[in-house]
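The data block below is my_file-v2.cif; it holds mmCIF, C-alpha atoms (C1' of nucleotides).
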```
data_start
#
loop_
_atom_site.label_atom_id
_atom_site.label_comp_id
_atom_site.auth_asym_id
_atom_site.auth_seq_id
_atom_site.Cartn_x
_atom_site.Cartn_y
_atom_site.Cartn_z
CA MET E 19 52.62 56.22 116.63
CA ASP E 20 55.24 53.92 115.11
CA MET E 21 58.92 54.57 114.58
CA LYS E 22 58.55 55.54 110.95
CA GLN E 23 55.96 58.18 111.77
CA MET E 24 58.09 59.46 114.62
CA GLN E 25 61.04 59.73 112.27
CA ASP E 26 59.04 61.82 109.84
CA LYS E 27 57.70 64.04 112.61
CA CYS E 28 61.17 64.53 114.03
CA GLU E 29 62.45 65.51 110.62
CA GLU E 30 59.73 68.12 110.30
CA VAL E 31 59.89 69.42 113.85
CA SER E 32 63.67 69.54 114.10
CA SER E 33 63.90 71.68 110.99
CA LEU E 34 61.56 74.12 112.65
CA LEU E 35 63.46 74.02 115.91
CA LYS E 36 66.69 74.97 114.14
CA HIS E 37 65.47 78.51 114.37
CA PHE E 38 65.07 78.18 118.13
CA SER E 39 68.60 76.97 118.66
CA HIS E 40 70.43 80.23 118.24
CA PRO E 41 70.22 82.80 121.04
CA GLN E 42 69.34 85.88 119.02
CA ARG E 43 67.12 83.98 116.68
CA LEU E 44 65.12 82.72 119.62
CA LEU E 45 65.07 86.23 121.00
CA ILE E 46 63.65 87.49 117.73
CA LEU E 47 60.86 84.95 118.00
CA CYS E 48 60.16 85.90 121.62
CA TYR E 49 60.20 89.55 120.63
CA LEU E 50 57.72 88.87 117.84
CA SER E 51 55.48 86.79 120.05
CA ASP E 52 53.54 89.87 121.11
CA GLY E 53 52.93 91.11 117.60
CA GLU E 54 54.53 92.32 114.40
CA LYS E 55 57.67 94.46 114.46
CA GLN E 56 59.71 96.30 111.87
CA VAL E 57 63.24 95.26 110.99
CA THR E 58 65.10 98.16 112.57
CA ASP E 59 63.29 97.66 115.88
CA ILE E 60 64.12 93.97 115.80
CA HIS E 61 67.78 94.38 115.07
CA GLU E 62 68.16 97.05 117.74
CA ALA E 63 66.26 95.00 120.29
CA VAL E 64 68.23 91.81 119.81
CA GLY E 65 71.62 93.33 119.07
CA LEU E 66 72.31 91.75 115.72
CA SER E 67 73.63 93.62 112.71
CA GLN E 68 71.09 94.92 110.25
CA SER E 69 72.35 92.53 107.65
CA GLN E 70 72.18 89.43 109.74
CA THR E 71 68.81 90.37 111.13
CA SER E 72 67.47 90.76 107.63
CA GLN E 73 68.99 87.44 106.61
CA PHE E 74 67.50 85.59 109.55
CA LEU E 75 64.09 87.14 109.07
CA LYS E 76 64.09 86.26 105.41
CA ARG E 77 65.04 82.67 106.15
CA MET E 78 62.40 82.30 108.82
CA GLN E 79 59.87 83.74 106.43
CA SER E 80 60.83 81.48 103.58
CA GLU E 81 60.58 78.50 105.90
CA GLY E 82 57.10 79.38 107.02
CA LEU E 83 57.66 80.66 110.54
CA LEU E 84 57.17 84.35 109.80
CA GLY E 85 54.91 86.46 107.67
CA LEU E 86 55.82 89.79 106.11
CA ARG E 87 53.74 92.91 105.65
CA ARG E 88 55.14 95.92 103.86
CA GLU E 89 53.95 99.43 104.60
CA LYS E 90 55.62 102.59 103.39
CA ASN E 91 59.27 101.63 103.27
CA PHE E 92 59.02 99.43 106.31
CA SER E 93 58.85 95.68 106.55
CA PHE E 94 56.81 94.28 109.37
CA TYR E 95 57.51 90.68 110.31
CA TYR E 96 55.20 88.59 112.44
CA ILE E 97 54.81 85.00 113.52
CA ILE E 98 52.55 83.30 111.02
CA ASN E 99 52.97 79.70 112.15
CA PRO E 100 50.57 78.89 114.99
CA ALA E 101 52.70 75.98 116.22
CA VAL E 102 55.60 78.37 116.74
CA LEU E 103 53.42 80.58 118.86
CA LYS E 104 52.17 77.66 120.92
CA LEU E 105 55.66 76.38 121.42
CA LEU E 106 56.95 79.78 122.53
CA LYS E 107 54.16 80.00 125.05
CA SER E 108 54.82 76.59 126.50
CA MET E 109 58.54 77.28 126.59
CA GLN E 110 57.81 80.42 128.52
CA LYS E 111 55.88 78.38 131.06
CA ILE E 112 58.65 75.84 131.38
CA PHE E 113 61.66 78.13 131.46
CA CYS E 114 60.48 81.55 132.58
CA GLN E 115 58.61 81.08 135.81
CA MET J 14 60.81 90.30 132.24
CA ASP J 15 63.13 92.84 130.64
CA MET J 16 65.23 92.51 127.50
CA LYS J 17 68.41 91.63 129.37
CA GLN J 18 66.74 88.79 131.24
CA MET J 19 65.18 87.55 128.02
CA GLN J 20 68.57 87.59 126.38
CA ASP J 21 70.06 85.45 129.13
CA LYS J 22 67.15 83.03 129.05
CA CYS J 23 67.38 82.74 125.30
CA GLU J 24 71.07 82.00 125.58
CA GLU J 25 70.37 79.23 128.04
CA VAL J 26 67.33 77.78 126.31
CA SER J 27 68.74 77.94 122.81
CA SER J 28 71.77 75.94 123.83
CA LEU J 29 69.44 73.27 125.12
CA LEU J 30 67.32 73.38 122.00
CA LYS J 31 70.35 72.76 119.81
CA HIS J 32 69.87 69.12 120.66
CA PHE J 33 66.31 69.25 119.42
CA SER J 34 67.26 70.68 116.06
CA HIS J 35 68.66 67.57 114.46
CA PRO J 36 66.23 64.88 113.34
CA GLN J 37 67.90 61.83 114.86
CA ARG J 38 68.91 63.66 117.97
CA LEU J 39 65.30 64.65 118.54
CA LEU J 40 64.28 61.08 117.82
CA ILE J 41 66.71 59.87 120.48
CA LEU J 42 65.09 62.20 122.97
CA CYS J 43 61.60 61.04 122.00
CA TYR J 44 62.77 57.44 122.23
CA LEU J 45 64.15 58.06 125.71
CA SER J 46 61.05 59.88 126.84
CA ASP J 47 59.49 56.65 128.01
CA GLY J 48 62.47 55.51 130.03
CA GLU J 49 66.13 54.56 129.91
CA LYS J 50 67.59 52.66 126.98
CA GLN J 51 70.92 51.10 126.18
CA VAL J 52 73.15 52.43 123.42
CA THR J 53 72.73 49.59 120.94
CA ASP J 54 68.95 49.82 121.16
CA ILE J 55 69.12 53.54 120.60
CA HIS J 56 71.38 53.42 117.60
CA GLU J 57 69.31 50.68 116.00
CA ALA J 58 66.06 52.47 116.71
CA VAL J 59 67.12 55.80 115.26
CA GLY J 60 69.35 54.57 112.46
CA LEU J 61 72.55 56.34 113.36
CA SER J 62 75.97 54.70 113.39
CA GLN J 63 77.18 53.32 116.69
CA SER J 64 79.90 55.92 116.78
CA GLN J 65 77.72 58.91 116.16
CA THR J 66 75.08 57.68 118.55
CA SER J 67 77.68 57.36 121.26
CA GLN J 68 79.03 60.81 120.48
CA PHE J 69 75.61 62.42 120.60
CA LEU J 70 74.68 60.66 123.82
CA LYS J 71 77.89 61.71 125.46
CA ARG J 72 77.40 65.30 124.44
CA MET J 73 73.83 65.37 125.68
CA GLN J 74 74.99 63.87 128.93
CA SER J 75 77.81 66.33 129.40
CA GLU J 76 75.41 69.17 128.74
CA GLY J 77 72.96 67.99 131.35
CA LEU J 78 70.12 66.59 129.26
CA LEU J 79 70.83 62.93 129.87
CA GLY J 80 71.94 60.77 132.74
CA LEU J 81 73.95 57.58 132.46
CA ARG J 82 73.73 54.35 134.39
CA ARG J 83 76.18 51.53 133.80
CA GLU J 84 75.25 47.92 134.39
CA LYS J 85 77.33 44.92 133.26
CA ASN J 86 78.88 46.17 130.10
CA PHE J 87 75.86 48.19 129.10
CA SER J 88 75.29 51.90 129.30
CA PHE J 89 71.78 53.03 129.98
CA TYR J 90 70.98 56.61 129.10
CA TYR J 91 67.91 58.42 130.33
CA ILE J 92 66.52 61.92 130.36
CA ILE J 93 67.67 63.58 133.54
CA ASN J 94 66.59 67.14 132.83
CA PRO J 95 62.94 67.66 133.79
CA ALA J 96 62.55 70.64 131.48
CA VAL J 97 63.51 68.45 128.54
CA LEU J 98 60.81 65.99 129.47
CA LYS J 99 58.21 68.73 129.84
CA LEU J 100 59.18 70.21 126.53
CA LEU J 101 58.97 66.88 124.76
CA LYS J 102 55.51 66.34 126.15
CA SER J 103 54.25 69.73 125.08
CA MET J 104 55.83 69.29 121.66
CA GLN J 105 54.00 66.03 121.35
CA LYS J 106 50.73 67.80 122.06
CA ILE J 107 51.46 70.52 119.55
CA PHE J 108 52.85 68.44 116.70
CA CYS J 109 51.57 64.91 117.13
CA GLN J 110 47.80 65.11 117.45
"C1'" DT H 7 64.83 114.74 91.52
"C1'" DC H 8 67.81 114.06 95.28
"C1'" DA H 9 69.22 112.62 99.67
"C1'" DT H 10 68.18 109.61 102.96
"C1'" DA H 11 66.26 105.95 105.77
"C1'" DA H 12 64.92 101.20 105.67
"C1'" DT H 13 65.74 96.96 104.04
"C1'" DA H 14 67.84 93.48 101.10
"C1'" DT H 15 71.49 91.17 98.75
"C1'" DT H 16 75.99 89.33 97.80
"C1'" DA H 17 80.30 87.50 98.61
"C1'" DT H 18 83.19 85.50 101.58
"C1'" DA H 19 85.59 84.30 105.91
"C1'" DA H 20 85.28 81.84 110.14
"C1'" DA H 21 83.28 78.67 113.25
"C1'" DA H 22 80.46 74.87 114.45
"C1'" DA H 23 78.03 70.69 113.49
"C1'" DT H 24 77.81 66.39 111.19
"C1'" DG H 25 79.33 62.05 109.23
"C1'" DT H 26 82.61 58.28 108.76
"C1'" DA H 27 86.16 55.09 109.43
"C1'" DA H 28 89.34 53.16 112.15
"C1'" DT H 29 90.83 51.90 116.55
"C1'" DA H 30 90.62 51.60 121.69
"C1'" DT H 31 88.61 50.19 126.01
"C1'" DT H 32 86.21 47.32 129.08
"C1'" DG H 33 83.50 43.80 131.19
"C1'" DT H 34 81.73 39.18 130.65
"C1'" DA H 35 81.17 34.55 129.50
"C1'" DA H 36 83.20 30.57 127.77
"C1'" DT U 25 92.88 34.03 129.63
"C1'" DT U 26 90.78 34.73 125.58
"C1'" DA U 27 87.33 36.08 122.41
"C1'" DC U 28 83.62 38.82 121.91
"C1'" DA U 29 80.02 42.18 122.55
"C1'" DA U 30 79.11 46.83 123.98
"C1'" DT U 31 80.59 51.22 124.13
"C1'" DA U 32 83.89 54.96 123.66
"C1'" DT U 33 87.40 57.63 121.47
"C1'" DT U 34 90.05 59.77 117.84
"C1'" DA U 35 91.08 61.92 113.70
"C1'" DC U 36 89.53 63.93 109.89
"C1'" DA U 37 86.58 65.29 105.80
"C1'" DT U 38 82.37 67.46 104.65
"C1'" DT U 39 78.60 70.37 105.21
"C1'" DT U 40 76.05 73.84 107.37
"C1'" DT U 41 75.76 78.02 110.15
"C1'" DT U 42 77.15 82.23 111.53
"C1'" DA U 43 79.38 86.62 111.09
"C1'" DT U 44 80.99 90.62 108.59
"C1'" DA U 45 81.62 94.03 105.20
"C1'" DA U 46 80.40 96.11 101.26
"C1'" DT U 47 77.01 97.32 98.08
"C1'" DA U 48 72.28 97.47 96.06
"C1'" DT U 49 67.42 98.57 96.05
"C1'" DT U 50 63.46 101.15 97.01
"C1'" DA U 51 60.13 104.30 98.82
"C1'" DT U 52 59.60 108.72 100.86
"C1'" DG U 53 59.95 113.41 102.11
"C1'" DA U 54 62.35 117.67 101.31
#
```

Kindly return the structure encoded in the file as structure tokens.
Amino acid sequence: MDMKQMQDKCEEVSSLLKHFSHPQRLLILCYLSDGEKQVTDIHEAVGLSQSQTSQFLKRMQSEGLLGLRREKNFSFYYIINPAVLKLLKSMQKIFCQ
Amino acid sequence: MDMKQMQDKCEEVSSLLKHFSHPQRLLILCYLSDGEKQVTDIHEAVGLSQSQTSQFLKRMQSEGLLGLRREKNFSFYYIINPAVLKLLKSMQKIFCQ
DNA sequence: TCATAATATTATAAAAATGTAATATTGTAA
DNA sequence: TTACAATATTACATTTTTATAATATTATGA
């Protein structure tokens, strides 16, 4: 892999990792790593305001990390990007044992 | 692992991952993943200004990701945090094959 | 249909990160 | 001892993130 390819990869990967570099945002991802959750549960679990939680979720969805399923008047968010899931798992191995 | 522990972990890990969430900063880490390098080599390899490269390196050193060895009038930086190295390797598996 | 719960949006303030230019420091070789 | 190369520092402008408050939307059950 040459420098140019590495540059491109780093561009791509770093923009994904932005979402991992904020404590509650990372916590949201960890919280979602065992399945979909609705917004109120998420914001209560991680201790962010409803507004900010909704903003973060929307951004992570629009950038391809999360998927959204609506049911009744609930929004269920879930991790849709398999690389995110893999990364969370390997981070758990590295940092949580 | 309960929510409080996860919160603390996420605090810790996210502050480390901040350095991964900027394209050239991640590239620096990748570049260093095969051994120590001197500042000029780094800034030429990643295409950052000398000043910014030096600033980033210093910050990553002060936050425990990098080590520094001086020889003659060169500064050699290297990855000193084993978790960073592990993470880079697993990221390479996930994103680069 | 009305009130409410759940979520989203908007605007904006505050804080942090990034980029840049100019200058300083320091060791080395001539 | 001087000039230069290598690195570091400083100050500051710009951009991006984060936080907060207020309001809007929308579906649902009473």

Within 10 Å of chain H: each chain E residue with its shortest pair, all atoms listed in the file, as a tab-separated table:
```
residue	atom	partner	partner_atom	distance
E:Gln56	CA	H:DA12	C1'	9.5
E:Val57	CA	H:DT13	C1'	7.6
E:Thr58	CA	H:DA12	C1'	7.5
E:Gln68	CA	H:DT13	C1'	8.4
E:Ser69	CA	H:DA14	C1'	8.0
E:Ser72	CA	H:DA14	C1'	7.1
E:Gln73	CA	H:DA14	C1'	8.3
E:Lys76	CA	H:DA14	C1'	9.2
E:Lys90	CA	H:DA12	C1'	9.7
E:Asn91	CA	H:DA12	C1'	6.2
E:Phe92	CA	H:DA12	C1'	6.2
E:Ser93	CA	H:DT13	C1'	7.4
```

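Nearest-residue note for chain U: choosing from J:Leu98, J:Leu79, J:Lys106, J:Gln65, the minimum distance belongs to J:Gln65, counting all atoms listed in the file.
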
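Distance-wise, C1' of DT38 (chain U) and CA of Val59 (chain J) end up 21.9 Å apart.
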
Given a cut-off of 9 Å, which residues of chain J touch chain E, counting all atoms listed in the file, written out as a ChimeraX atom specification? /J:14,16,19-40,43,58-59,96,99-100,103-104,107-109

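Atom pair CA of Leu70 (chain J) / C1' of DT41 (chain U) has a distance of 22.1 Å (rounded to one decimal).
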
For a quick test of understanding: name the residues of chain U lying within 10 Å of chain J when counting all atoms listed in the file, and present them as number ranges by chain. U: 29-33

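Our summary of the geometry notes that CA of Lys55 (chain E) is positioned 12.3 Å from CA of Thr71 (chain E).
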
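Within 6 Å of the point (55.9, 84.5, 122.9), and counting only C-alpha atoms (C1' of nucleotides), the protein, DNA and RNA residues are Cys48, Ser51, Leu106 and Lys107 of chain E.
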